[in-house]
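Read through the structure below, which is laid out as structure tokens, and then see the notes.
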Amino acid sequence: MLDYHIHYHRHGESGPYRLERVRDICSFAAERGLLEVGLSEHIFRFVEFREVVRDWWNHTDDDPRLKDHCRQYFDEHATQSISDYLDLAAQARACGLPVVWGLEVDYYPGRMEAVADFLAGLGLDYVLGSVHWIGAWGFDNEDVLDEWEQRDPDEVYRRYYELLLELAGTGVPTVLAHPDLVKKFGHAPRSFDTSEVFSDLVEVCKSTGIGLEVSSAGWRVPAGEQYPAVQLLERAVAAGLRLTTASDAHVPELVGHRVDDLCRLIGDLGGDRIYGYRHGEAVPVALEGASDRTSSLGGESDLSRSSPAGSETVSYRPHGDGEL
Ligand SMILES: [Zn+2]
Ligand SMILES: [Zn+2]
């Protein structure tokens, strides 16, 4: 099992990176039977990125309240140094910890070339692509939750998926994170047909090779179900998309949260593998119990052969109930 969406800091927290916390993350991961974890800090945590993203919200929205909230959010979060993050990655690698390194990157319309330039040369294993903003509205942020009351949910859904598809087209993400995050607070569309947009999403992932994240975070919010919904996940499995599994933990205790349930769900839908990443290259990992369908795995394409940590196994093993 893998957990490829883990944050070092909570929102609102900052401070020096310490190897000790990475060790804690790995301990929780090991307790839950995980083979490997991926650190994917928000790219807006880094002071060096503040200059890259600039005032992108001014070019996508007219609402002064939302623009102000957005600016404040970016100013408050930019407290860390990317070079410290990369140093931490180097230390973890040197110690042989089973961790790969990525970043979670929002879609910033009009700024993605600069974002790609920033990412180039960082030596990351993968990049999670996320849509958290519709214009300057952080639709999944509790601070501006009241904005949902002003909006037509159909229009929010339509715009969310439009942005997600645009993001996929930028070539920046390796994997699309929490692909139906728009449902986070339990708002459902009235007449918007997700079926059509799910097909578009599967199509774009298939043609570009972008992976799709399956996340337990949805179980911890009002939506009450994993990201993405089964209707999208079953299409993704049928199309053979590269799937990762993830907790979106912002504290070590949540690392690997219900990843076993995610793997079970993927297996129930007919999937026989998930994927890890090394320097942007996808590496298949077999789900246990799917051995009759995984004869094509192995060879040069398993994590143990390419892992900097020299992991011992690539099999998925269910581990207790895995729940907090
Ligand atoms: Zn996210
Ligand atoms: Zn996240």
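Letters A, B, ... go to the chains of the structure tokens in the order shown; residues in each chain start at 1; ligands are counted from 1 in the same order.
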>> Among stretch 115-269 of chain A, which ones does DSSP assign to alpha helix (DSSP H) (computed from the backbone)? Answer as a PyMOL selection string.
In response: chain A and resi 115-119+147-150+153-169+194-208+230-238+259-268
Closest atom pairs, residues of chain A within 7 Å of ligand 1, only C-alpha atoms and all ligand atoms, as a tab-separated table:
residue	atom	partner	partner_atom_place_in_ligand_line	distance
A:Glu104	CA	ligand 1	1 (Zn)	6.9
A:Ser130	CA	ligand 1	1 (Zn)	5.7
A:His132	CA	ligand 1	1 (Zn)	6.6
A:Ala177	CA	ligand 1	1 (Zn)	6.5
A:His178	CA	ligand 1	1 (Zn)	6.7
>> So that I can see what lies close to A:Ser247, please list as a PyMOL selection string the residues with an atom at most 9 Å from it, counting only C-alpha atoms and leaving out residues fewer than 6 positions away in the same chain.
In response: chain A and resi 3-6+214-217+254-259
Restrict the selected residues to C-alpha atoms and save them as a PDB file, in the first residue's frame.
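Final output, again_4.pdb:
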ATOM      1  CA  ASP A   3       0.081   6.964   0.655  1.00  0.00           C
ATOM      2  CA  TYR A   4       1.143   9.579  -1.862  1.00  0.00           C
ATOM      3  CA  HIS A   5      -0.504  12.666  -0.424  1.00  0.00           C
ATOM      4  CA  ILE A   6       1.011  13.760   2.886  1.00  0.00           C
ATOM      5  CA  VAL A 214      -7.981   7.857  -4.807  1.00  0.00           C
ATOM      6  CA  SER A 215      -8.202   9.573  -1.442  1.00  0.00           C
ATOM      7  CA  SER A 216      -9.596   8.705   1.970  1.00  0.00           C
ATOM      8  CA  ALA A 217      -9.886  12.414   2.884  1.00  0.00           C
ATOM      9  CA  LEU A 254      -3.444  10.332   9.767  1.00  0.00           C
ATOM     10  CA  VAL A 255      -0.784   8.903   7.456  1.00  0.00           C
ATOM     11  CA  GLY A 256      -2.219   5.881   5.691  1.00  0.00           C
ATOM     12  CA  HIS A 257      -5.700   6.540   7.013  1.00  0.00           C
ATOM     13  CA  ARG A 258      -8.049   3.975   5.423  1.00  0.00           C
ATOM     14  CA  VAL A 259      -5.700   3.332   2.522  1.00  0.00           C
TER      15      VAL A 259
END
> Any idea what's packed within 12 Å of A:Pro16, counting only C-alpha atoms, ignoring anything in its chain fewer than 3 positions away? Could you give it as a PyMOL selection string?
Replying inline: chain A and resi 8-9+13+19-21+79-85+87-88
> Which residues, written as JSON, numbers by chain, have at least one atom at most 10 Å from A:Pro222, with only C-alpha atoms counted and residues fewer than 6 positions away on the same chain left out?
Replying inline: {"A": [183, 184, 185, 186, 187]}
> So which one's closest to ligand 2, A:Leu243, A:Leu201, A:Leu128, A:Val175? Using only C-alpha atoms and all ligand atoms, please.
Replying inline: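 For ligand 2, the nearest of the given residues is A:Leu128.
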> Between A:Gly38, A:Gly169, A:Gly138, A:Pro228, which one has atoms that come closest to A:Tyr275, using only C-alpha atoms?
Replying inline: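 For A:Tyr275, the nearest of the given residues is A:Gly38.
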Contact check, stretch 71-154 of chain A to stretch 161-165 of chain A, at most 8 Å, counting only C-alpha atoms, closest pairs as CSV:
residue,atom,partner,partner_atom,distance
A:Tyr107,CA,A:Leu163,CA,7.5
A:Ser130,CA,A:Leu164,CA,7.4
A:Val131,CA,A:Leu164,CA,6.1
A:Ile134,CA,A:Leu163,CA,7.8
> Which one is closest to ligand 2: A:Cys26, A:Glu41, A:Ser191, A:Ala116? Count only C-alpha atoms and all ligand atoms.
Replying inline: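 The shortest atom-to-atom distance to ligand 2 comes from A:Glu41.
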> Excluding same-chain residues fewer than 5 positions from A:Gly129, what lies within 6 Å of it counting only C-alpha atoms, as a list in words?
Replying inline: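 Once the adjacent positions are removed, what remains is Val105, Asp106, Pro173, Leu176 and Ala177 of chain A.
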> If you measure from atom CA of A:Ala114 to atom CA of A:Phe46, what distance in Å do you get, rounded to one decimal?
Replying inline: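 If I compute the distance from atom CA of A:Ala114 to atom CA of A:Phe46, I get 14.7 Å.
Of the listed residues (A:Gly218, A:Gly280, A:Gly135, A:Gly271), A:Gly218 comes nearest to ligand 2; the distances count only C-alpha atoms and all ligand atoms.
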>> Under the rule that only C-alpha atoms are counted, which of A:Leu97, A:Ala92, A:Ala78, A:Val221 is the nearest residue to A:Asp140?
In response: A:Val221
> Could you pull out all residues of stretch 108-256 of chain A with a DSSP call of strand (DSSP E or B) and give them as JSON, numbers by chain?
Replying inline: {"A": [126, 127, 128, 129, 130, 133, 134, 137, 138, 175, 176, 211, 212, 213, 214, 215, 227, 243, 244, 245, 246, 249]}
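Note that atom CA of A:Phe74 and atom CA of A:Glu149 are 24.2 Å apart.
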>> Here is a test: counting only C-alpha atoms, which residue of A:Arg235, A:His69, A:Arg111, A:Arg18 is nearest to A:Val53?
In response: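 Of A:Arg235, A:His69, A:Arg111, A:Arg18, the one nearest A:Val53 is A:Arg111, counting only C-alpha atoms.
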>> To one decimal place in Å, what is the distance between atom CA of A:Ile25 and atom CA of A:Glu213?
In response: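 Interatomic distance, atom CA of A:Ile25 to atom CA of A:Glu213: 19.7 Å.
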